[in-house]
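Text of entry-v1.txt (compact mmCIF, C-alpha atoms) as supplied:
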```txt
# COMPACT_ATOMS: atom_id res chain seq x y z
CA MET A 1076 5.72 -23.77 -18.53
CA SER A 1077 2.16 -23.19 -17.29
CA THR A 1078 3.36 -22.66 -13.70
CA GLN A 1079 4.89 -19.36 -14.82
CA ARG A 1080 3.49 -16.19 -13.27
CA PRO A 1081 1.52 -14.12 -15.80
CA VAL A 1082 3.78 -11.35 -17.07
CA ALA A 1083 3.22 -7.90 -18.57
CA ILE A 1084 5.02 -7.53 -21.89
CA LEU A 1085 6.05 -4.25 -23.49
CA PRO A 1086 7.26 -4.79 -27.07
CA CYS A 1087 8.30 -2.05 -29.48
CA ASN A 1088 5.75 -0.99 -32.04
CA GLY A 1089 7.20 -3.36 -34.63
CA LEU A 1090 6.26 -1.38 -37.70
CA TYR A 1091 9.64 0.22 -38.33
CA LYS A 1092 11.97 -2.70 -38.90
CA ALA A 1093 11.89 -6.47 -39.24
CA ALA A 1094 13.57 -6.82 -35.83
CA GLY A 1095 10.62 -4.96 -34.31
CA GLY A 1096 8.24 -7.47 -35.87
CA VAL A 1097 10.07 -10.18 -33.96
CA THR A 1098 9.28 -8.44 -30.64
CA ARG A 1099 5.55 -8.58 -31.46
CA GLU A 1100 5.84 -12.29 -32.09
CA VAL A 1101 7.81 -12.87 -28.86
CA ALA A 1102 5.21 -10.82 -26.98
CA MET A 1103 2.34 -12.95 -28.29
CA GLU A 1104 4.22 -16.14 -27.48
CA LEU A 1105 4.87 -15.01 -23.88
CA ALA A 1106 1.27 -13.80 -23.47
CA GLU A 1107 -0.06 -17.17 -24.57
CA GLN A 1108 2.33 -19.24 -22.51
CA THR A 1109 1.99 -17.34 -19.23
CA GLY A 1110 -1.53 -15.98 -19.57
CA GLY A 1111 0.17 -12.61 -19.63
CA GLU A 1112 -0.85 -9.35 -21.20
CA ILE A 1113 0.75 -7.23 -23.91
CA LEU A 1114 1.07 -3.48 -23.39
CA CYS A 1115 0.59 -1.72 -26.72
CA PRO A 1116 3.25 1.02 -26.89
CA VAL A 1117 1.09 3.26 -29.07
CA PHE A 1118 -1.95 3.00 -26.82
CA TYR A 1119 0.33 3.46 -23.79
CA ARG A 1120 1.26 6.92 -25.08
CA VAL A 1121 -2.34 8.13 -25.05
CA ALA A 1122 -3.78 6.33 -22.01
CA ASP A 1123 -1.52 4.89 -19.35
CA ALA A 1124 -3.54 4.21 -16.18
CA ARG A 1125 -4.38 0.57 -16.83
CA TYR A 1126 -0.96 -0.27 -18.21
CA ASN A 1127 0.80 1.41 -15.29
CA ARG A 1128 -1.18 -0.78 -12.94
CA LEU A 1129 -0.48 -3.96 -14.94
CA ALA A 1130 3.24 -3.18 -15.10
CA ALA A 1131 3.34 -2.61 -11.35
CA GLU A 1132 1.49 -5.83 -10.49
CA ARG A 1133 3.31 -8.24 -12.78
CA PRO A 1134 6.92 -8.94 -13.74
CA LEU A 1135 7.54 -6.70 -16.76
CA VAL A 1136 9.31 -7.99 -19.88
CA VAL A 1137 10.59 -5.25 -22.20
CA LEU A 1138 11.31 -6.20 -25.82
CA ASP A 1139 13.30 -3.87 -28.06
CA GLY A 1140 13.71 -4.58 -31.74
CA CYS A 1141 16.79 -2.48 -32.48
CA PRO A 1142 19.27 -0.43 -30.40
CA THR A 1143 17.09 2.66 -30.70
CA ARG A 1144 15.34 0.99 -27.72
CA CYS A 1145 11.92 2.62 -28.06
CA ALA A 1146 10.31 0.16 -25.64
CA SER A 1147 13.06 0.65 -23.01
CA LYS A 1148 12.78 4.40 -23.30
CA LEU A 1149 9.01 4.23 -22.89
CA ALA A 1150 9.45 2.04 -19.80
CA ALA A 1151 11.95 4.53 -18.36
CA GLU A 1152 9.67 7.44 -19.11
CA LYS A 1153 6.80 5.72 -17.28
CA GLY A 1154 9.10 4.85 -14.37
CA LEU A 1155 8.52 1.10 -14.73
CA LYS A 1156 10.53 -1.59 -13.00
CA VAL A 1157 11.85 -4.06 -15.56
CA ALA A 1158 12.17 -7.76 -14.70
CA GLN A 1159 13.53 -9.01 -18.03
CA LYS A 1160 14.49 -7.46 -21.33
CA LEU A 1161 16.19 -8.12 -24.62
CA THR A 1162 17.11 -6.43 -27.90
CA VAL A 1163 16.31 -8.54 -30.95
CA THR A 1164 19.19 -7.34 -33.15
CA GLU A 1165 21.70 -8.27 -30.42
CA GLU A 1166 20.13 -11.69 -29.89
CA ALA A 1167 20.10 -12.32 -33.64
CA LYS A 1168 23.80 -11.41 -33.85
CA LYS A 1169 24.63 -13.72 -30.93
CA ARG A 1170 22.88 -16.59 -32.69
CA GLY A 1171 24.38 -15.76 -36.10
CA ILE A 1172 20.95 -15.11 -37.59
CA GLU A 1173 20.46 -12.67 -40.45
CA LEU A 1174 17.00 -11.05 -40.40
CA ALA A 1175 15.24 -10.19 -43.66
CA ASP A 1176 14.37 -6.56 -44.45
CA SER A 1177 10.67 -7.17 -44.87
CA LEU A 1178 8.26 -6.19 -42.08
CA ARG A 1179 6.41 -9.44 -42.67
CA LEU A 1180 8.08 -12.18 -40.64
CA ASP A 1181 9.52 -15.07 -42.55
CA GLU A 1182 10.38 -18.52 -41.26
CA THR A 1183 13.68 -17.25 -39.77
CA GLY A 1184 11.98 -14.40 -37.91
CA ARG A 1185 9.31 -16.66 -36.46
CA GLY A 1186 11.91 -19.24 -35.45
CA LEU A 1187 13.97 -16.58 -33.67
CA ALA A 1188 10.86 -15.30 -31.88
CA LYS A 1189 10.04 -18.78 -30.59
CA ALA A 1190 13.61 -19.30 -29.39
CA LEU A 1191 13.71 -15.93 -27.63
CA ALA A 1192 10.39 -16.51 -25.87
CA ALA A 1193 11.61 -19.91 -24.69
CA ALA A 1194 14.87 -18.40 -23.42
CA LEU A 1195 13.02 -15.69 -21.48
CA LEU A 1196 10.71 -18.24 -19.85
CA GLU A 1197 13.65 -20.44 -18.95
CA ALA A 1198 15.59 -17.54 -17.41
CA ALA A 1199 12.56 -16.49 -15.36
CA ALA A 1200 12.10 -20.05 -14.11
CA ALA A 1201 15.79 -20.35 -13.19
CA GLU A 1202 15.65 -17.11 -11.26
CA SER A 1203 12.62 -18.13 -9.21
CA ALA A 1204 14.51 -21.32 -8.31
CA GLY A 1205 16.75 -19.13 -6.16
CA PRO A 1206 19.97 -17.14 -6.35
CA SER A 1207 23.40 -18.71 -6.09
CA VAL A 1208 25.71 -16.09 -4.67
CA ALA A 1209 28.79 -17.21 -2.82
CA PRO A 1210 30.70 -14.22 -1.48
CA ALA A 1211 34.42 -14.79 -1.16
CA GLY A 1212 36.25 -13.15 1.71
CA PHE A 1213 34.85 -9.69 1.24
CA PRO A 1214 35.59 -7.02 3.84
CA GLU A 1215 33.10 -6.72 6.69
CA HIS A 1216 34.03 -3.15 7.28
CA PHE A 1217 34.66 -0.52 4.62
CA ASP A 1218 36.99 2.33 5.30
CA TYR A 1219 35.95 5.24 3.09
CA GLU A 1220 37.78 8.38 2.09
CA THR A 1221 35.39 11.03 0.80
CA TYR A 1222 35.63 13.97 -1.54
CA ARG A 1223 32.94 16.62 -1.41
CA LYS A 1224 32.00 19.09 -4.09
CA ASP A 1225 28.96 21.27 -3.54
CA LYS A 1226 26.17 18.95 -2.44
CA PHE A 1227 27.85 15.89 -3.99
CA LEU A 1228 29.78 13.47 -1.83
CA PHE A 1229 32.00 10.83 -3.43
CA ARG A 1230 33.19 7.81 -1.46
CA LEU A 1231 36.23 5.70 -2.22
CA PRO A 1232 37.22 2.61 -0.17
CA LYS A 1233 40.75 2.64 1.26
CA ASN A 1234 40.81 -1.04 2.25
CA THR A 1235 43.82 -3.00 1.04
CA GLY A 1236 42.84 -5.13 -1.94
CA PHE A 1237 40.86 -2.44 -3.75
CA PHE A 1238 42.09 -1.32 -7.17
CA PHE A 1239 40.57 1.07 -9.69
CA THR A 1240 40.68 1.80 -13.41
CA GLU A 1241 40.77 5.25 -14.95
CA ASN A 1242 37.38 4.30 -16.42
CA ASP A 1243 35.97 4.41 -12.87
CA PHE A 1244 35.44 0.75 -12.07
CA TRP A 1245 36.74 -0.99 -8.96
CA VAL A 1246 38.00 -4.46 -8.25
CA PHE A 1247 38.56 -6.03 -4.86
CA VAL A 1248 41.11 -8.82 -5.01
CA ASN A 1249 41.32 -11.66 -2.52
CA GLY A 1250 43.70 -14.41 -3.63
CA SER A 1251 42.53 -15.68 -7.00
CA ARG A 1252 39.02 -14.29 -6.52
CA ALA A 1253 37.93 -10.75 -7.29
CA ARG A 1254 34.76 -8.74 -7.00
CA VAL A 1255 33.97 -5.97 -9.48
CA GLY A 1256 31.72 -2.92 -9.59
CA LEU A 1257 31.26 0.76 -10.46
CA THR A 1258 32.78 3.56 -8.44
CA ASP A 1259 30.66 6.11 -6.64
CA PHE A 1260 31.70 8.70 -9.21
CA LEU A 1261 30.42 6.64 -12.14
CA GLN A 1262 27.22 5.74 -10.32
CA GLN A 1263 26.46 9.41 -9.67
CA SER A 1264 27.28 10.43 -13.25
CA LEU A 1265 24.80 7.84 -14.55
CA SER A 1266 22.04 8.91 -12.13
CA ASP A 1267 19.25 6.43 -11.29
CA VAL A 1268 20.08 2.93 -12.49
CA LEU A 1269 16.94 1.29 -13.92
CA PHE A 1270 18.21 -1.99 -15.27
CA VAL A 1271 21.30 -4.14 -14.97
CA THR A 1272 22.36 -6.81 -17.46
CA LEU A 1273 24.60 -9.23 -15.59
CA PRO A 1274 27.31 -11.19 -17.41
CA PRO A 1275 26.62 -14.93 -17.82
CA VAL A 1276 28.12 -17.02 -15.01
CA GLY A 1277 30.87 -19.20 -16.48
CA SER A 1278 31.74 -16.75 -19.24
CA ALA A 1279 35.32 -15.58 -19.77
CA VAL A 1280 36.18 -11.90 -19.75
CA GLU A 1281 39.35 -10.03 -20.65
CA GLN A 1282 40.65 -6.91 -18.99
CA PHE A 1283 38.70 -3.96 -20.44
CA GLY A 1284 36.21 -6.36 -22.01
CA GLU A 1285 32.49 -6.17 -21.35
CA LEU A 1286 31.07 -7.46 -18.08
CA GLY A 1287 27.38 -6.78 -18.62
CA SER A 1288 25.86 -3.33 -18.70
CA VAL A 1289 24.09 -0.80 -16.54
CA GLU A 1290 21.23 1.25 -17.84
CA SER A 1291 19.97 4.54 -16.49
CA ALA A 1292 17.27 6.84 -17.83
CA LYS A 1293 20.06 8.61 -19.72
CA ALA A 1294 21.99 5.81 -21.35
CA VAL A 1295 23.31 2.29 -21.46
CA SER A 1296 26.80 2.02 -20.01
CA GLU A 1297 29.00 -1.03 -20.44
CA VAL A 1298 30.61 -2.48 -17.35
CA ILE A 1299 34.25 -2.41 -18.47
CA ALA A 1300 36.07 -5.25 -16.72
CA PRO A 1301 39.06 -4.10 -14.66
CA VAL A 1302 40.48 -7.63 -14.63
CA SER A 1303 40.50 -10.74 -16.79
CA GLY A 1304 39.10 -14.08 -15.68
CA LYS A 1305 36.04 -16.27 -15.51
CA VAL A 1306 32.73 -15.04 -14.07
CA VAL A 1307 31.92 -17.26 -11.08
CA ALA A 1308 29.09 -15.32 -9.45
CA VAL A 1309 26.85 -12.35 -10.16
CA ASN A 1310 24.86 -10.09 -7.89
CA GLU A 1311 21.38 -11.46 -8.66
CA ALA A 1312 19.79 -8.95 -6.29
CA LEU A 1313 20.44 -6.25 -8.89
CA THR A 1314 17.92 -7.77 -11.29
CA THR A 1315 15.06 -6.86 -8.98
CA ALA A 1316 16.73 -3.95 -7.16
CA PRO A 1317 19.08 -2.09 -9.54
CA GLU A 1318 18.93 0.93 -7.21
CA ARG A 1319 21.37 -0.91 -4.93
CA ILE A 1320 24.10 0.41 -7.25
CA ASN A 1321 23.04 3.97 -6.44
CA GLN A 1322 22.74 3.21 -2.72
CA ASN A 1323 26.25 1.82 -2.43
CA PRO A 1324 28.18 0.62 -5.47
CA TYR A 1325 30.93 -0.97 -3.32
CA GLU A 1326 28.80 -3.02 -0.94
CA GLN A 1327 25.29 -4.14 -1.96
CA GLY A 1328 25.81 -2.79 -5.49
CA TRP A 1329 28.68 -5.03 -6.64
CA ILE A 1330 28.27 -6.53 -10.11
CA ALA A 1331 30.17 -9.81 -10.45
CA GLU A 1332 32.84 -12.09 -9.02
CA VAL A 1333 35.64 -13.32 -11.20
CA GLU A 1334 38.16 -16.15 -10.88
CA LEU A 1335 41.33 -14.32 -11.90
CA THR A 1336 43.49 -15.64 -14.74
CA ASP A 1337 46.41 -13.21 -14.84
CA PHE A 1338 46.21 -10.57 -12.16
CA ALA A 1339 49.93 -9.74 -12.37
CA GLN A 1340 49.35 -8.64 -15.97
CA ASP A 1341 46.10 -6.83 -15.15
CA ARG A 1342 47.72 -5.00 -12.23
CA GLU A 1343 49.88 -3.05 -14.66
CA LEU A 1344 46.88 -1.03 -15.80
CA LEU A 1345 45.21 -0.64 -12.39
CA LEU A 1346 45.54 2.10 -9.81
CA ASP A 1347 45.52 1.63 -6.05
CA PHE A 1348 43.72 4.04 -3.72
CA ALA A 1349 46.62 6.49 -3.64
CA GLY A 1350 46.81 6.48 -7.43
CA TYR A 1351 43.09 6.80 -8.12
CA PHE A 1352 42.00 9.32 -5.49
CA PRO A 1353 43.64 12.27 -7.32
CA VAL A 1354 42.05 11.06 -10.58
CA LEU A 1355 38.65 11.06 -8.88
CA LYS A 1356 39.20 14.57 -7.52
CA ARG A 1357 40.21 15.84 -10.95
CA LYS A 1358 37.17 14.24 -12.61
CA VAL A 1359 34.78 15.65 -10.02
CA ASP A 1360 36.27 19.13 -10.40
CA GLU A 1361 35.98 18.95 -14.19
CA PHE A 1362 32.49 17.44 -14.17
CA HIS A 1363 30.77 20.00 -11.98
CA VAL A 1364 31.98 23.23 -13.46
CA MET B 151 43.38 19.09 -22.75
CA SER B 152 46.80 18.53 -24.36
CA GLU B 153 48.15 17.12 -21.10
CA ALA B 154 45.37 14.49 -20.85
CA THR B 155 46.64 11.01 -20.14
CA PHE B 156 45.24 7.49 -19.73
CA MET B 157 47.25 5.27 -17.41
CA GLY B 158 50.18 7.64 -17.74
CA VAL B 159 50.15 7.55 -21.55
CA PRO B 160 49.41 10.79 -23.40
CA ARG B 161 45.84 10.41 -24.67
CA HIS B 162 46.70 11.44 -28.23
CA ARG B 163 49.02 8.44 -28.54
CA ILE B 164 46.15 6.01 -27.90
CA ASP B 165 44.11 5.25 -31.00
CA TRP B 166 40.64 4.77 -29.48
CA SER B 167 37.56 6.48 -30.90
CA PRO B 168 34.48 5.56 -32.92
CA ARG B 169 34.72 4.84 -36.66
CA ILE B 170 31.66 5.86 -38.64
CA ASP B 171 30.48 3.64 -41.48
CA TYR B 172 28.89 6.23 -43.73
CA ALA B 173 27.26 3.52 -45.85
CA LYS B 174 25.12 2.68 -42.82
CA CYS B 175 24.82 6.00 -40.94
CA ASN B 176 21.37 7.58 -41.35
CA ASP B 177 22.18 10.87 -39.59
CA CYS B 178 19.82 10.14 -36.69
CA MET B 179 22.35 11.69 -34.26
CA GLU B 180 21.47 9.36 -31.37
CA CYS B 181 25.21 8.97 -30.71
CA VAL B 182 25.70 12.73 -30.52
CA GLN B 183 22.90 13.11 -28.03
CA PHE B 184 24.23 10.24 -25.99
CA CYS B 185 27.94 11.07 -25.77
CA PRO B 186 28.67 13.59 -23.01
CA HIS B 187 32.28 14.12 -24.14
CA GLN B 188 31.85 16.12 -27.36
CA VAL B 189 33.57 13.47 -29.46
CA PHE B 190 31.25 14.01 -32.42
CA GLU B 191 30.40 17.12 -34.37
CA VAL B 192 27.27 17.81 -36.40
CA ARG B 193 27.87 20.01 -39.44
CA GLU B 194 24.48 21.21 -40.62
CA ASP B 195 25.29 22.00 -44.23
CA ALA B 196 28.12 19.59 -44.91
CA THR B 197 28.46 16.03 -46.17
CA PRO B 198 28.99 13.94 -44.22
CA LYS B 199 26.96 15.73 -41.59
CA LEU B 200 28.40 13.70 -38.71
CA ILE B 201 32.12 13.52 -38.02
CA VAL B 202 34.42 12.44 -35.19
CA LYS B 203 35.76 15.84 -34.21
CA THR B 204 37.79 15.23 -31.04
CA PRO B 205 38.82 11.57 -30.88
CA GLU B 206 41.03 12.21 -27.84
CA ASN B 207 37.93 13.11 -25.81
CA CYS B 208 36.64 9.55 -26.26
CA VAL B 209 36.87 7.50 -23.05
CA VAL B 210 39.40 4.74 -23.67
CA PHE B 211 37.59 1.36 -23.92
CA CYS B 212 34.12 2.94 -23.84
CA ARG B 213 31.95 1.63 -26.67
CA ALA B 214 28.62 2.90 -25.42
CA CYS B 215 27.72 5.11 -28.40
CA ALA B 216 27.89 2.06 -30.68
CA LYS B 217 25.15 0.51 -28.57
CA THR B 218 22.82 3.43 -29.15
CA CYS B 219 23.28 3.15 -32.92
CA GLY B 220 20.16 1.64 -34.47
CA VAL B 221 21.85 0.91 -37.79
CA ASP B 222 25.13 -0.43 -36.34
CA ALA B 223 27.26 2.18 -38.10
CA LEU B 224 29.82 2.71 -35.29
CA SER B 225 32.79 0.48 -34.58
CA PHE B 226 35.94 0.65 -32.45
CA PRO B 227 39.56 -0.52 -32.71
CA ASP B 228 40.55 -3.93 -31.36
CA LYS B 229 40.64 -3.83 -27.56
CA ASN B 230 43.49 -6.30 -27.10
CA GLN B 231 45.73 -4.51 -29.58
CA THR B 232 44.97 -1.21 -27.88
CA THR B 233 45.77 -2.65 -24.44
CA ALA B 234 49.04 -4.10 -25.75
CA ARG B 235 49.96 -0.76 -27.34
CA ILE B 236 49.29 1.12 -24.09
CA LYS B 237 51.58 -1.26 -22.22
CA GLU B 238 54.29 -0.82 -24.87
CA ILE B 239 54.15 2.97 -24.64
CA ARG B 240 54.28 2.77 -20.85
CA GLN B 241 57.45 0.71 -21.12
CA GLU B 242 58.97 3.20 -23.54
CA LEU B 243 58.14 6.04 -21.15
CA THR B 244 59.72 4.36 -18.12
CA ARG B 245 62.91 3.74 -20.07
CA LEU B 246 63.34 7.43 -20.82
```
Can I see the file as structure tokens?
Amino acid sequence: MSTQRPVAILPCNGLYKAAGGVTREVAMELAEQTGGEILCPVFYRVADARYNRLAAERPLVVLDGCPTRCASKLAAEKGLKVAQKLTVTEEAKKRGIELADSLRLDETGRGLAKALAAALLEAAAAESAGPSVAPAGFPEHFDYETYRKDKFLFRLPKNTGFFFTENDFWVFVNGSRARVGLTDFLQQSLSDVLFVTLPPVGSAVEQFGELGSVESAKAVSEVIAPVSGKVVAVNEALTTAPERINQNPYEQGWIAEVELTDFAQDRELLLDFAGYFPVLKRKVDEFHV
Amino acid sequence: MSEATFMGVPRHRIDWSPRIDYAKCNDCMECVQFCPHQVFEVREDATPKLIVKTPENCVVFCRACAKTCGVDALSFPDKNQTTARIKEIRQELTRL
């Protein structure tokens, strides 16, 4: 994959747990294969000018060993835009791999590192091949009701076809297709969104299951699916411009499109505009006391 | 908060909150710092130091604190069973 653009890679320090050691190995693999450069997290703490420039010029890959997410937190602290990221413990779990306790990598650790580097390169190549978004009968015009509290303004679409969960996600249903996203209230509670993990196209999701995640400087928040079905499209634009969620979570900030499997069942635990608007008002009043 | 509901069901009737595996928990308190709903409580001089104090404050179907846990010590009830139970209770309530 020598045609790959050189990347900047920010691994975790790798001296705390075995999973961290894997990030170092992935980093070296990516650096070699793309002619990229590794940002040392320890050095970054004491001198950041050169690394800031590198991270701005090249696609940045952030590698966390465990869910403490030291590398992600450092990237957030430095205000870096993240192109790709992964957490080794999660990837190991997905692949059914048990990592040893030792900081020295064994055969399993090195094998996982190779596989992860290959997957990252493949995903980057697929993305540069072009997005594949096919919108399905989405409204041209949005009719918003608003609720204002102090300087905060919360929008909620009134268009027929919109439904909401009490967890503050929306779904717009058109026949057997639905589009899903976060409400304005949730978006504002999270503050600036820095990274979005989209669900895999083709994957199945159940109502209240996980449909990717959204990460702000504060925290990682799961996208809790308001409906069940199969993911048929994702909003690829969010990978390079996660701030679209903050700009408008109903229009350019949608997350995914789902082919519905049992909307009649799902509908039971959804609210329409009239049902959700009072919930929104109550939450806003309680939140900003 | 006694009148709190989720989808019309009294919150206290829905069993959804984190379970702490004390064999794994290392008292790092990342989950406490993360959760904005005061679900956890830190008891400085007690063992265990971390407890789930107000489970009914936990956002139904939110599992975000488990993701912040470096040692994977937090787990949640089964989502499908919880969904089914909520629907059952809703049916009971409409029959009254």
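Using all atoms listed in the file, the nearest neighbour of Asn230 in chain B within the list A:Glu1281, A:Glu1166, A:Glu1334, A:Glu1132 is A:Glu1281.
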Among listed residues A:Asn1234, A:Gln1322, A:Gln1282, A:Ser1177, nearest chain B (using only C-alpha atoms): A:Gln1282
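Proximity to chain B at a cut-off of 6 Å picks out Cys1141, Pro1142, Thr1143 and Ser1296 of chain A on chain A, counting only C-alpha atoms.
If you look at CA of Tyr172 in chain B and CA of Ala1167 in chain A, they are 22.9 Å away from each other.
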Near-Leu1105 in chain A list (9 Å; all atoms listed in the file; drop same-chain fewer than 5 positions) as a VMD selection string: chain A and resid 1081 to 1082 1084 1100 1110 to 1113 1192 to 1193 1195 to 1196
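Among the candidate residues A:Gln1340, A:Thr1315, A:Ser1303, A:Thr1258, the one lying nearest to Glu1202 in chain A is A:Thr1315, with distances computed using all atoms listed in the file.
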Between CA of Ile1320 in chain A and CA of Gln1262 in chain A - distance in Å to one decimal: 6.9 Å
Straight-line distance linking CA of Ala1294 in chain A with CA of Val1268 in chain A, stated in Å to one decimal: 9.5 Å
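Counting only C-alpha atoms and comparing A:Trp1329, A:Phe1362, A:Tyr1119, A:Phe1352, the residue that lies closest to Val1271 in chain A is A:Trp1329.
Residue nearest Pro198 in chain B within the list B:Ala234, B:Cys175, B:Val159, B:Leu243: B:Cys175 [criterion: smallest interatomic distance, only C-alpha atoms].
Proximity ranking of B:Pro168, B:Arg163, B:Asp177, B:Cys208 relative to Ala196 in chain B places B:Asp177 first, based on only C-alpha atoms.
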Within 9 Å of Val1276 in chain A using all atoms listed in the file, minus same-chain residues under 4 positions, as a PyMOL selection string: chain A and resi 1305-1309+1331
6 Å contact set for Thr1098 in chain A, all atoms listed in the file, chain neighbours under 5 positions out, as a list of chain:residue names: A:Pro1086, A:Leu1138, A:Gly1140
Neighbour residues at most 10 Å from (39.8, 14.1, -29.4) (only C-alpha atoms) as a list in words: Met151, Ser152, Arg161, His162, Asp165, Trp166, Ser167, His187, Gln188, Val189, Phe190, Val202, Lys203, Thr204, Pro205, Glu206, Asn207, Cys208 and Val209 of chain B
Shell around Glu1220 in chain A at 8 Å using all atoms listed in the file, local window under 5 positions removed, as an MDAnalysis selection string: chainID A and resid 1230:1233
